[in-house]
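This is my_file-v5.csv. It holds CSV, C-alpha atoms.
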```
chain,number,residue,atom,x,y,z
J,24,MET,CA,-60.8,211.6,-65.2
J,25,ILE,CA,-60.7,209.3,-62.2
J,26,ILE,CA,-60.0,205.6,-62.7
J,27,THR,CA,-60.7,203.2,-59.9
J,28,GLY,CA,-58.1,200.5,-59.8
J,29,TYR,CA,-57.6,197.3,-57.7
J,30,HIS,CA,-54.2,196.1,-56.6
J,31,GLY,CA,-53.7,192.7,-55.1
J,32,THR,CA,-50.7,191.9,-53.0
J,33,ASP,CA,-49.2,190.2,-49.9
J,34,ALA,CA,-51.0,191.5,-46.8
J,35,ALA,CA,-47.6,192.1,-45.3
J,36,ASN,CA,-47.1,195.0,-47.8
J,37,LEU,CA,-50.2,196.8,-46.6
J,38,LYS,CA,-48.5,198.9,-43.9
J,39,GLY,CA,-45.7,200.1,-46.2
J,40,ILE,CA,-48.1,201.0,-49.0
J,41,ILE,CA,-50.4,203.0,-46.7
J,42,ALA,CA,-47.4,204.7,-45.2
J,43,ASP,CA,-45.2,205.3,-48.2
J,44,GLY,CA,-47.3,204.7,-51.2
J,45,PHE,CA,-46.9,202.2,-54.0
J,46,LEU,CA,-43.6,201.3,-55.6
J,47,GLU,CA,-43.1,200.7,-59.3
J,48,SER,CA,-42.3,197.1,-60.2
J,49,GLU,CA,-40.2,195.9,-63.2
J,50,ASN,CA,-42.4,194.1,-65.6
J,51,ASP,CA,-41.3,192.5,-68.8
J,52,THR,CA,-44.5,190.8,-69.7
J,53,TRP,CA,-47.3,193.3,-69.4
J,54,LEU,CA,-47.0,197.1,-70.0
J,55,GLY,CA,-43.5,197.7,-68.7
J,56,ASN,CA,-42.2,199.2,-65.4
J,57,ALA,CA,-45.1,200.6,-63.3
J,58,VAL,CA,-47.6,200.1,-60.5
J,59,TYR,CA,-50.3,197.9,-61.8
J,60,PHE,CA,-54.1,197.9,-61.2
J,61,PHE,CA,-56.9,195.8,-62.5
J,62,VAL,CA,-59.6,198.2,-63.8
J,63,GLU,CA,-63.1,197.8,-65.3
J,64,GLY,CA,-63.0,196.4,-68.8
J,65,ILE,CA,-63.1,193.1,-70.5
J,66,SER,CA,-62.7,190.7,-67.6
J,67,ALA,CA,-65.4,188.2,-67.0
J,68,LEU,CA,-65.0,188.8,-63.3
J,69,ASP,CA,-65.2,191.9,-61.2
J,70,CYS,CA,-61.8,193.5,-61.4
J,71,SER,CA,-61.4,193.4,-57.6
J,72,ALA,CA,-61.8,189.6,-58.0
J,73,ASP,CA,-59.0,189.6,-60.6
J,74,ALA,CA,-56.8,191.5,-58.2
J,75,ALA,CA,-57.5,189.0,-55.4
J,76,ASN,CA,-56.8,186.0,-57.7
J,77,TRP,CA,-53.6,187.6,-58.8
J,78,ALA,CA,-52.5,188.1,-55.2
J,79,LYS,CA,-53.4,184.5,-54.3
J,80,ASP,CA,-51.5,183.2,-57.4
J,81,GLN,CA,-48.4,185.2,-56.5
J,82,SER,CA,-48.2,183.4,-53.2
J,83,TYR,CA,-47.3,180.2,-55.0
J,84,GLY,CA,-43.8,179.2,-53.9
J,85,GLY,CA,-43.2,176.4,-56.4
J,86,TYR,CA,-44.2,172.7,-56.6
J,87,GLY,CA,-43.9,171.1,-53.2
J,88,LYS,CA,-42.7,174.3,-51.6
J,89,PRO,CA,-44.4,176.4,-49.0
J,90,LYS,CA,-46.4,179.5,-50.1
J,91,LYS,CA,-44.5,182.8,-50.1
J,92,TYR,CA,-47.3,184.3,-48.0
J,93,HIS,CA,-50.6,183.2,-46.5
J,94,ARG,CA,-52.7,186.4,-46.4
J,95,TYR,CA,-53.5,188.7,-49.2
J,96,VAL,CA,-55.1,192.2,-49.5
J,97,VAL,CA,-56.8,194.0,-52.3
J,98,LEU,CA,-56.4,197.7,-52.3
J,99,GLU,CA,-58.9,200.0,-54.0
J,100,THR,CA,-57.5,203.3,-55.3
J,101,ASP,CA,-59.0,206.3,-57.1
J,102,ILE,CA,-56.4,207.5,-59.6
J,103,PRO,CA,-56.8,211.0,-61.0
J,104,THR,CA,-55.4,210.7,-64.5
J,105,ASP,CA,-54.1,213.3,-66.9
J,106,ASP,CA,-55.2,212.8,-70.5
J,107,ASP,CA,-52.1,214.5,-71.8
J,108,LEU,CA,-49.9,211.8,-70.1
J,109,MET,CA,-52.1,208.8,-71.0
J,110,LEU,CA,-51.7,206.1,-73.6
J,111,ASP,CA,-54.9,204.0,-73.9
J,112,LEU,CA,-54.1,200.8,-75.8
J,113,THR,CA,-57.7,199.6,-75.4
J,114,VAL,CA,-58.9,202.0,-78.1
J,115,ARG,CA,-57.9,201.8,-81.8
J,116,ASP,CA,-56.1,205.2,-81.9
J,117,GLY,CA,-53.9,204.2,-78.9
J,118,ALA,CA,-53.0,200.8,-80.3
J,119,ARG,CA,-52.3,202.3,-83.7
J,120,TRP,CA,-50.1,205.0,-82.1
J,121,PHE,CA,-48.1,202.4,-80.3
J,122,ASN,CA,-47.6,200.3,-83.4
J,123,ASP,CA,-46.5,203.4,-85.3
J,124,PHE,CA,-44.0,204.3,-82.6
J,125,ARG,CA,-42.5,200.9,-82.5
J,126,ARG,CA,-42.2,200.7,-86.3
J,127,LYS,CA,-40.5,204.1,-86.5
J,128,TYR,CA,-38.3,203.3,-83.5
J,129,LEU,CA,-36.9,200.2,-85.1
J,130,GLU,CA,-36.7,201.7,-88.5
J,131,GLN,CA,-34.6,204.5,-87.1
J,132,LEU,CA,-32.3,201.8,-85.6
J,133,ARG,CA,-32.0,200.1,-89.0
J,134,ARG,CA,-31.3,203.4,-90.8
J,135,GLU,CA,-28.2,203.6,-88.5
J,136,GLY,CA,-27.2,200.1,-89.7
J,137,LYS,CA,-28.1,198.4,-86.4
J,138,MET,CA,-30.5,195.8,-85.3
J,139,VAL,CA,-31.5,194.0,-82.1
J,140,GLN,CA,-30.6,190.4,-81.5
J,141,GLY,CA,-33.5,188.6,-79.9
J,142,GLU,CA,-37.2,189.6,-79.6
J,143,VAL,CA,-38.2,193.1,-78.8
J,144,LEU,CA,-40.8,193.1,-76.1
J,145,ASP,CA,-43.9,195.4,-75.9
J,146,SER,CA,-43.0,196.2,-72.3
J,147,HIS,CA,-39.6,197.6,-73.4
J,148,ILE,CA,-41.1,199.7,-76.2
J,149,LEU,CA,-43.5,201.1,-73.6
J,150,ASN,CA,-40.6,201.9,-71.3
J,151,ALA,CA,-38.9,203.7,-74.1
J,152,ILE,CA,-42.2,205.6,-74.8
J,153,ARG,CA,-42.2,206.6,-71.1
J,154,GLU,CA,-38.7,207.9,-71.3
J,155,GLU,CA,-39.1,209.7,-74.7
J,156,ILE,CA,-42.7,210.9,-74.8
J,157,GLY,CA,-43.3,211.3,-71.1
J,158,ILE,CA,-46.3,209.0,-70.7
J,159,GLU,CA,-47.3,208.2,-67.1
J,160,PHE,CA,-50.5,206.2,-67.5
J,161,VAL,CA,-51.0,203.2,-69.8
J,162,LYS,CA,-54.2,201.3,-70.1
J,163,GLY,CA,-54.1,198.0,-71.8
J,164,GLU,CA,-55.8,194.6,-72.3
J,165,VAL,CA,-53.6,191.6,-71.7
J,166,TYR,CA,-53.9,187.9,-71.2
J,167,ILE,CA,-52.9,186.9,-67.7
J,168,ARG,CA,-52.6,183.2,-67.0
J,169,PHE,CA,-54.2,182.8,-63.6
J,170,GLY,CA,-53.8,179.7,-61.5
J,171,LYS,CA,-57.1,178.3,-62.7
J,172,ASP,CA,-56.0,178.8,-66.3
J,173,ARG,CA,-52.8,176.8,-65.6
J,174,ILE,CA,-54.8,173.9,-64.1
J,175,ASP,CA,-57.1,174.1,-67.2
J,176,ARG,CA,-53.9,174.2,-69.4
J,177,ILE,CA,-55.1,177.3,-71.2
J,178,HIS,CA,-52.7,178.9,-73.6
J,179,SER,CA,-54.3,182.1,-75.0
J,180,ARG,CA,-53.4,185.3,-76.9
J,181,ILE,CA,-56.9,186.7,-76.3
J,182,ALA,CA,-56.8,189.3,-73.5
J,183,ASN,CA,-58.8,188.5,-70.4
J,184,VAL,CA,-58.2,191.5,-68.2
J,185,THR,CA,-57.9,195.3,-68.5
J,186,ILE,CA,-55.0,196.7,-66.5
J,187,PHE,CA,-53.8,200.2,-65.8
J,188,ALA,CA,-50.1,200.9,-65.4
J,189,VAL,CA,-49.1,204.1,-63.5
J,190,ASN,CA,-45.7,205.7,-63.1
J,191,ASN,CA,-44.5,208.3,-60.6
J,192,PRO,CA,-46.8,206.8,-58.0
J,193,ASN,CA,-45.9,209.4,-55.4
J,194,LYS,CA,-47.2,212.1,-57.7
J,195,ASN,CA,-50.1,210.2,-59.4
J,196,ILE,CA,-51.6,208.1,-56.7
J,197,PRO,CA,-52.6,210.1,-53.6
J,198,LYS,CA,-51.9,208.1,-50.5
J,199,ASN,CA,-55.2,209.2,-48.9
J,200,ASN,CA,-57.0,207.6,-51.9
J,201,ILE,CA,-55.7,204.1,-51.0
J,202,LYS,CA,-58.1,202.0,-49.0
J,203,VAL,CA,-58.5,198.3,-48.2
J,204,HIS,CA,-61.2,196.7,-50.4
J,205,SER,CA,-60.9,193.2,-49.1
J,206,LYS,CA,-58.4,190.7,-47.6
J,207,GLY,CA,-58.3,187.1,-46.8
J,208,ASN,CA,-56.4,183.9,-46.1
J,209,ILE,CA,-54.8,181.9,-48.9
J,210,LEU,CA,-55.5,178.2,-48.5
F,177,MET,CA,-55.9,210.1,-74.0
F,178,ASN,CA,-55.0,213.1,-76.1
F,179,TYR,CA,-54.3,211.5,-79.5
F,180,GLU,CA,-53.3,214.7,-81.3
F,181,LEU,CA,-50.8,215.6,-78.6
F,182,LEU,CA,-49.4,212.1,-78.7
F,183,LYS,CA,-48.9,212.3,-82.5
F,184,GLN,CA,-47.1,215.7,-82.1
F,185,LYS,CA,-44.8,214.3,-79.4
F,186,MET,CA,-44.0,211.3,-81.5
F,187,ASP,CA,-43.2,213.5,-84.6
F,188,LYS,CA,-41.0,215.7,-82.4
F,189,PHE,CA,-39.1,212.7,-81.0
F,190,PHE,CA,-38.3,211.2,-84.3
F,191,GLN,CA,-37.3,214.6,-85.7
F,192,GLU,CA,-34.9,215.2,-82.9
F,193,VAL,CA,-33.6,211.7,-82.1
F,194,LYS,CA,-29.8,211.6,-82.2
F,195,PRO,CA,-27.8,208.9,-83.9
F,196,GLY,CA,-27.1,206.1,-81.4
F,197,GLN,CA,-29.8,207.3,-79.0
F,198,ILE,CA,-32.1,204.3,-79.7
F,199,ALA,CA,-29.3,201.8,-79.7
F,200,ALA,CA,-28.0,203.1,-76.4
F,201,GLN,CA,-31.5,202.9,-74.9
F,202,LEU,CA,-32.1,199.3,-76.1
F,203,GLN,CA,-28.7,198.4,-74.7
F,204,ARG,CA,-29.6,199.9,-71.3
F,205,MET,CA,-32.7,197.6,-71.4
F,206,GLY,CA,-30.4,194.6,-71.9
F,207,TYR,CA,-30.6,194.1,-75.6
F,208,LYS,CA,-27.6,193.2,-77.7
F,209,VAL,CA,-27.6,195.7,-80.6
F,210,VAL,CA,-25.5,194.5,-83.5
F,211,ASP,CA,-24.4,196.0,-86.9
F,212,ILE,CA,-26.6,194.7,-89.7
F,213,GLU,CA,-23.5,193.7,-91.7
F,214,GLU,CA,-22.4,191.6,-88.7
F,215,SER,CA,-25.7,189.8,-88.6
F,216,LYS,CA,-25.3,188.9,-92.3
F,217,VAL,CA,-22.5,186.6,-91.3
F,218,CYS,CA,-25.0,184.7,-89.1
F,219,LEU,CA,-27.5,184.7,-91.9
F,220,GLU,CA,-25.1,183.1,-94.4
F,221,GLU,CA,-24.6,180.3,-91.8
F,222,VAL,CA,-28.3,179.8,-91.6
F,223,LYS,CA,-28.7,179.7,-95.4
F,224,SER,CA,-25.9,177.2,-95.7
F,225,ILE,CA,-28.0,174.6,-93.9
F,226,SER,CA,-29.7,173.7,-97.2
F,227,SER,CA,-31.5,170.7,-95.9
F,228,LEU,CA,-33.8,172.8,-93.8
F,229,HIS,CA,-37.3,173.4,-95.0
F,230,VAL,CA,-38.3,177.0,-95.4
F,231,ASN,CA,-40.7,176.8,-92.4
F,232,GLU,CA,-38.0,175.5,-90.2
F,233,LEU,CA,-35.7,178.5,-90.8
F,234,PRO,CA,-35.5,180.6,-87.7
F,235,ASP,CA,-37.0,184.1,-87.5
F,236,ILE,CA,-34.4,186.7,-87.8
F,237,PRO,CA,-35.5,190.2,-86.6
F,238,GLY,CA,-35.7,192.7,-89.5
F,239,MET,CA,-35.6,189.9,-92.1
F,240,SER,CA,-38.3,188.5,-94.3
F,241,PHE,CA,-38.4,185.5,-96.6
F,242,ASN,CA,-39.2,186.4,-100.2
F,243,ASN,CA,-40.9,184.4,-103.0
F,244,ALA,CA,-37.5,183.5,-104.5
F,245,GLY,CA,-36.7,181.7,-101.3
F,246,GLU,CA,-34.2,184.2,-100.0
F,247,TYR,CA,-34.0,186.2,-96.9
F,248,SER,CA,-34.2,189.9,-97.4
F,249,TYR,CA,-33.8,192.9,-95.2
F,250,ALA,CA,-36.9,195.0,-94.6
F,251,MET,CA,-35.0,198.2,-94.9
F,252,ALA,CA,-36.6,201.6,-94.3
F,253,ALA,CA,-36.8,203.8,-97.4
```

Can you dump the structure from the file as C-alpha cells?
Amino acid sequence: MIITGYHGTDAANLKGIIADGFLESENDTWLGNAVYFFVEGISALDCSADAANWAKDQSYGGYGKPKKYHRYVVLETDIPTDDDLMLDLTVRDGARWFNDFRRKYLEQLRREGKMVQGEVLDSHILNAIREEIGIEFVKGEVYIRFGKDRIDRIHSRIANVTIFAVNNPNKNIPKNNIKVHSKGNIL
Amino acid sequence: MNYELLKQKMDKFFQEVKPGQIAAQLQRMGYKVVDIEESKVCLEEVKSISSLHVNELPDIPGMSFNNAGEYSYAMAA
C-alpha cells in the first residue's frame, strides 16, 4: 500500500532532505522517534495545510524573539508501506494491540518487583515496540496544538490530525518520491 | 496492518523476554526504575499526611485507591 504524506519544515532543510533523505527526529509527545507526515484522516483541513501550519508554527522563536526561520516548505512523499511492519492505531485492533502490549510490558516489570517513577509516555512504549517487535510504520491520531489553537486557548484531548511515523527512512522513503508540494514566506 | 502477525510477535516477545530486559530498556529511555518495596517507603510518607483529602493524594504508578481508603498494588496475577 502507498500512503501519501506531507512533511512541513524550514525551507533551509530542503536541499539536505532531497540529497540525503529524511532524518528521524526524537519525539516524546506524538508517536515516538520517527520521521513524521500528516496524512489523510480526521483533520478538518487538507493534510498538506496541516503540514504548512506545523512548519509555520515551528518557526516561532519565543515571545519577543525573532522567528527561527522565515520560509517554509511542504514536501509530498509517496511512502510504500509493508503491512507486516505496520501498527495502525487509527483502527480498533491496532489501538487494542497497543494497550495490550503496554499492559503486559508494565506487568512484566512489576512481576520482577520493579516499577517506574513518573509517567510512562505512549511515545516511549512505541519506541519499545519498535525495538522489540520491529515495527517501522505507525499511523495514529493525535491532538496537535497549532498556533491558532493557542490563541483560542484550546486545551483538548480529542485528536485533530492523522499522522504517520516512519522509521528507517533511507529504506522506507525512496528519495525520488520526495517532491515539493508548496512553499512560502512566514509573516 | 497484519493484526495476526502482530499478536504472534507480541506473544513471542513476552514468552522470551529476559528478567531485567524491560527495566534496562526503560532506564535507557531515561526513566528511573525502582524496587516496589522501595516505593512503599514513599507511600507510607504519603499516607502519613492524614489531613489530605483522598482526591488530593497524588497518583502513584501501579497503585490504586480501594474502597477502604487504602492504596493497594495492582499486582499481576

*J:Gly157, J:Gly64, J:Pro197, J:Gly136 ranked by distance to chain F, top pick (using only C-alpha atoms)*: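 The shortest atom-to-atom distance to chain F comes from J:Gly136.
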
*What gap, in Å, lies between atom CA of J:Ile26 and atom CA of J:Arg153?*
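Those two atoms sit 19.7 Å apart.
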
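You can rank J:Ala72, J:Asp80, J:Leu54, J:Glu142 by their closest distance to J:Phe121 using all atoms listed in the file, and at the top of that list sits J:Leu54.
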
*Return the single residue from J:Lys171, J:His30, J:Arg125, J:Lys206 that is closest to chain F, with distances computed using all atoms listed in the file.*
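Closest to chain F, using all atoms listed in the file: J:Arg125.
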
*Within 6 Å of chain F, which residues of chain J are there when counting all atoms listed in the file? Please give them as a list in words.*
Asp106, Asp107, Met109, Leu110, Glu130, Gly136, Lys137, Met138, Val139 and Gln140 of chain J

*Residues near J:Thr27, cut-off 9 Å, only C-alpha atoms, skip fewer than 4 positions along chain, as a ChimeraX atom specification*: /J:60-63,99-103

*atom CA of J:Asn183 to atom CA of J:Leu37, distance in Å rounded to a single decimal*: 26.6 Å

*Could you tell me which of J:Val114, J:Ile41, J:Leu132, J:Ile174 comes closest to J:Val203 if we count only C-alpha atoms?*
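Closest to J:Val203, using only C-alpha atoms: J:Ile41.
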
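You will find atom CA of J:Asn122 at 25.2 Å from atom CA of J:Met24.
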
So that I can see what lies close to stretch 175-182 of chain J, please list as a PDB file with C-alpha atoms, keeping the file's coordinate frame the residues with an atom at most 12 Å from it, counting only C-alpha atoms and leaving out residues fewer than 4 positions away in the same chain.
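Dumped to part.pdb:
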```pdb
ATOM      1  CA  TRP J  53     -47.300 193.300 -69.400  1.00  0.00           C
ATOM      2  CA  GLY J  64     -63.000 196.400 -68.800  1.00  0.00           C
ATOM      3  CA  ILE J  65     -63.100 193.100 -70.500  1.00  0.00           C
ATOM      4  CA  SER J  66     -62.700 190.700 -67.600  1.00  0.00           C
ATOM      5  CA  ALA J  67     -65.400 188.200 -67.000  1.00  0.00           C
ATOM      6  CA  THR J 113     -57.700 199.600 -75.400  1.00  0.00           C
ATOM      7  CA  GLY J 163     -54.100 198.000 -71.800  1.00  0.00           C
ATOM      8  CA  GLU J 164     -55.800 194.600 -72.300  1.00  0.00           C
ATOM      9  CA  VAL J 165     -53.600 191.600 -71.700  1.00  0.00           C
ATOM     10  CA  TYR J 166     -53.900 187.900 -71.200  1.00  0.00           C
ATOM     11  CA  ILE J 167     -52.900 186.900 -67.700  1.00  0.00           C
ATOM     12  CA  ARG J 168     -52.600 183.200 -67.000  1.00  0.00           C
ATOM     13  CA  PHE J 169     -54.200 182.800 -63.600  1.00  0.00           C
ATOM     14  CA  GLY J 170     -53.800 179.700 -61.500  1.00  0.00           C
ATOM     15  CA  LYS J 171     -57.100 178.300 -62.700  1.00  0.00           C
ATOM     16  CA  ILE J 186     -55.000 196.700 -66.500  1.00  0.00           C
TER      17      ILE J 186
END
```

*Could you give me, as an MDAnalysis selection string, the residues that have an atom at most 6 Å away from the point (-53.2, 206.9, -64.9) in the coordinates of the file, using all atoms listed in the file?*
chainID J and resid 104 160 189

*Which is closer to J:His204 than all the others in J:Ile148, J:Trp120, J:Glu155, J:Gly28, using all atoms listed in the file?*
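Ranking J:Ile148, J:Trp120, J:Glu155, J:Gly28 by distance to J:His204, first place goes to J:Gly28.
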
Ref. answer, residues at most 12 Å from (-46.6, 207.9, -66.7) with only C-alpha atoms, as a compact mmCIF listing (two decimals) with C-alpha atoms, in the frame of the given file:
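Written out: out-v4.txt:
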```txt
# COMPACT_ATOMS: atom_id res chain seq x y z
CA GLU J 47 -43.10 200.70 -59.30
CA LEU J 54 -47.00 197.10 -70.00
CA GLY J 55 -43.50 197.70 -68.70
CA ASN J 56 -42.20 199.20 -65.40
CA ALA J 57 -45.10 200.60 -63.30
CA VAL J 58 -47.60 200.10 -60.50
CA TYR J 59 -50.30 197.90 -61.80
CA THR J 104 -55.40 210.70 -64.50
CA ASP J 105 -54.10 213.30 -66.90
CA ASP J 106 -55.20 212.80 -70.50
CA ASP J 107 -52.10 214.50 -71.80
CA LEU J 108 -49.90 211.80 -70.10
CA MET J 109 -52.10 208.80 -71.00
CA LEU J 110 -51.70 206.10 -73.60
CA ASP J 111 -54.90 204.00 -73.90
CA LEU J 149 -43.50 201.10 -73.60
CA ASN J 150 -40.60 201.90 -71.30
CA ALA J 151 -38.90 203.70 -74.10
CA ILE J 152 -42.20 205.60 -74.80
CA ARG J 153 -42.20 206.60 -71.10
CA GLU J 154 -38.70 207.90 -71.30
CA GLU J 155 -39.10 209.70 -74.70
CA ILE J 156 -42.70 210.90 -74.80
CA GLY J 157 -43.30 211.30 -71.10
CA ILE J 158 -46.30 209.00 -70.70
CA GLU J 159 -47.30 208.20 -67.10
CA PHE J 160 -50.50 206.20 -67.50
CA VAL J 161 -51.00 203.20 -69.80
CA LYS J 162 -54.20 201.30 -70.10
CA PHE J 187 -53.80 200.20 -65.80
CA ALA J 188 -50.10 200.90 -65.40
CA VAL J 189 -49.10 204.10 -63.50
CA ASN J 190 -45.70 205.70 -63.10
CA ASN J 191 -44.50 208.30 -60.60
CA PRO J 192 -46.80 206.80 -58.00
CA ASN J 193 -45.90 209.40 -55.40
CA LYS J 194 -47.20 212.10 -57.70
CA ASN J 195 -50.10 210.20 -59.40
CA ILE J 196 -51.60 208.10 -56.70
```

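Minimum distance to J:Asn208 across J:Arg134, J:His93, J:Lys88, J:Arg115 (counting only C-alpha atoms) occurs at J:His93.
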
Output stretch 172-192 of chain J from the block with N, CA, C and O atoms, as a PDB file, in the first residue's frame?
```pdb
ATOM      1  N   ASP J 172      -4.796  27.412  17.730  1.00  0.00           N
ATOM      2  CA  ASP J 172      -5.410  26.811  18.927  1.00  0.00           C
ATOM      3  C   ASP J 172      -4.876  27.465  20.193  1.00  0.00           C
ATOM      4  O   ASP J 172      -5.597  27.604  21.188  1.00  0.00           O
ATOM      5  N   ARG J 173      -3.604  27.840  20.151  1.00  0.00           N
ATOM      6  CA  ARG J 173      -3.017  28.510  21.320  1.00  0.00           C
ATOM      7  C   ARG J 173      -3.666  29.867  21.518  1.00  0.00           C
ATOM      8  O   ARG J 173      -3.977  30.257  22.644  1.00  0.00           O
ATOM      9  N   ILE J 174      -3.869  30.576  20.406  1.00  0.00           N
ATOM     10  CA  ILE J 174      -4.520  31.896  20.503  1.00  0.00           C
ATOM     11  C   ILE J 174      -5.947  31.724  21.026  1.00  0.00           C
ATOM     12  O   ILE J 174      -6.410  32.492  21.870  1.00  0.00           O
ATOM     13  N   ASP J 175      -6.621  30.669  20.565  1.00  0.00           N
ATOM     14  CA  ASP J 175      -8.001  30.410  21.017  1.00  0.00           C
ATOM     15  C   ASP J 175      -8.040  29.725  22.379  1.00  0.00           C
ATOM     16  O   ASP J 175      -9.124  29.392  22.867  1.00  0.00           O
ATOM     17  N   ARG J 176      -6.875  29.465  22.954  1.00  0.00           N
ATOM     18  CA  ARG J 176      -6.738  28.847  24.278  1.00  0.00           C
ATOM     19  C   ARG J 176      -7.458  27.500  24.355  1.00  0.00           C
ATOM     20  O   ARG J 176      -8.178  27.194  25.309  1.00  0.00           O
ATOM     21  N   ILE J 177      -7.244  26.716  23.316  1.00  0.00           N
ATOM     22  CA  ILE J 177      -7.857  25.382  23.280  1.00  0.00           C
ATOM     23  C   ILE J 177      -6.971  24.394  24.027  1.00  0.00           C
ATOM     24  O   ILE J 177      -5.756  24.347  23.818  1.00  0.00           O
ATOM     25  N   HIS J 178      -7.595  23.643  24.912  1.00  0.00           N
ATOM     26  CA  HIS J 178      -6.918  22.507  25.552  1.00  0.00           C
ATOM     27  C   HIS J 178      -7.789  21.294  25.256  1.00  0.00           C
ATOM     28  O   HIS J 178      -8.927  21.230  25.702  1.00  0.00           O
ATOM     29  N   SER J 179      -7.280  20.350  24.492  1.00  0.00           N
ATOM     30  CA  SER J 179      -8.131  19.254  24.025  1.00  0.00           C
ATOM     31  C   SER J 179      -7.424  17.917  24.143  1.00  0.00           C
ATOM     32  O   SER J 179      -6.198  17.838  24.082  1.00  0.00           O
ATOM     33  N   ARG J 180      -8.223  16.870  24.323  1.00  0.00           N
ATOM     34  CA  ARG J 180      -7.698  15.502  24.234  1.00  0.00           C
ATOM     35  C   ARG J 180      -8.326  14.774  23.061  1.00  0.00           C
ATOM     36  O   ARG J 180      -8.146  13.578  22.904  1.00  0.00           O
ATOM     37  N   ILE J 181      -9.074  15.498  22.256  1.00  0.00           N
ATOM     38  CA  ILE J 181      -9.693  14.888  21.079  1.00  0.00           C
ATOM     39  C   ILE J 181      -8.776  15.134  19.880  1.00  0.00           C
ATOM     40  O   ILE J 181      -8.437  16.287  19.571  1.00  0.00           O
ATOM     41  N   ALA J 182      -8.354  14.049  19.255  1.00  0.00           N
ATOM     42  CA  ALA J 182      -7.388  14.155  18.160  1.00  0.00           C
ATOM     43  C   ALA J 182      -7.907  15.059  17.049  1.00  0.00           C
ATOM     44  O   ALA J 182      -9.108  15.091  16.767  1.00  0.00           O
ATOM     45  N   ASN J 183      -6.985  15.805  16.446  1.00  0.00           N
ATOM     46  CA  ASN J 183      -7.383  16.693  15.349  1.00  0.00           C
ATOM     47  C   ASN J 183      -6.618  16.426  14.047  1.00  0.00           C
ATOM     48  O   ASN J 183      -6.911  17.047  13.036  1.00  0.00           O
ATOM     49  N   VAL J 184      -5.644  15.540  14.096  1.00  0.00           N
ATOM     50  CA  VAL J 184      -4.902  15.211  12.872  1.00  0.00           C
ATOM     51  C   VAL J 184      -4.558  13.720  12.837  1.00  0.00           C
ATOM     52  O   VAL J 184      -4.517  13.050  13.877  1.00  0.00           O
ATOM     53  N   THR J 185      -4.313  13.243  11.645  1.00  0.00           N
ATOM     54  CA  THR J 185      -3.816  11.876  11.472  1.00  0.00           C
ATOM     55  C   THR J 185      -2.368  11.990  11.017  1.00  0.00           C
ATOM     56  O   THR J 185      -2.064  12.729  10.070  1.00  0.00           O
ATOM     57  N   ILE J 186      -1.504  11.298  11.726  1.00  0.00           N
ATOM     58  CA  ILE J 186      -0.079  11.388  11.410  1.00  0.00           C
ATOM     59  C   ILE J 186       0.481   9.992  11.146  1.00  0.00           C
ATOM     60  O   ILE J 186      -0.091   8.980  11.570  1.00  0.00           O
ATOM     61  N   PHE J 187       1.592   9.996  10.456  1.00  0.00           N
ATOM     62  CA  PHE J 187       2.220   8.741  10.058  1.00  0.00           C
ATOM     63  C   PHE J 187       3.698   8.839  10.409  1.00  0.00           C
ATOM     64  O   PHE J 187       4.393   9.759   9.959  1.00  0.00           O
ATOM     65  N   ALA J 188       4.150   7.932  11.255  1.00  0.00           N
ATOM     66  CA  ALA J 188       5.533   7.950  11.734  1.00  0.00           C
ATOM     67  C   ALA J 188       6.301   6.820  11.050  1.00  0.00           C
ATOM     68  O   ALA J 188       5.874   5.662  11.104  1.00  0.00           O
ATOM     69  N   VAL J 189       7.402   7.170  10.423  1.00  0.00           N
ATOM     70  CA  VAL J 189       8.160   6.195   9.628  1.00  0.00           C
ATOM     71  C   VAL J 189       9.586   6.085  10.178  1.00  0.00           C
ATOM     72  O   VAL J 189      10.240   7.105  10.425  1.00  0.00           O
ATOM     73  N   ASN J 190      10.033   4.863  10.344  1.00  0.00           N
ATOM     74  CA  ASN J 190      11.425   4.625  10.761  1.00  0.00           C
ATOM     75  C   ASN J 190      12.242   4.112   9.574  1.00  0.00           C
ATOM     76  O   ASN J 190      11.683   3.778   8.531  1.00  0.00           O
ATOM     77  N   ASN J 191      13.539   4.076   9.785  1.00  0.00           N
ATOM     78  CA  ASN J 191      14.466   3.659   8.711  1.00  0.00           C
ATOM     79  C   ASN J 191      14.158   4.395   7.406  1.00  0.00           C
ATOM     80  O   ASN J 191      13.884   3.777   6.372  1.00  0.00           O
ATOM     81  N   PRO J 192      14.194   5.731   7.441  1.00  0.00           N
ATOM     82  CA  PRO J 192      13.773   6.494   6.255  1.00  0.00           C
ATOM     83  C   PRO J 192      14.583   6.174   5.000  1.00  0.00           C
ATOM     84  O   PRO J 192      14.032   6.206   3.895  1.00  0.00           O
TER      85      PRO J 192
END
```
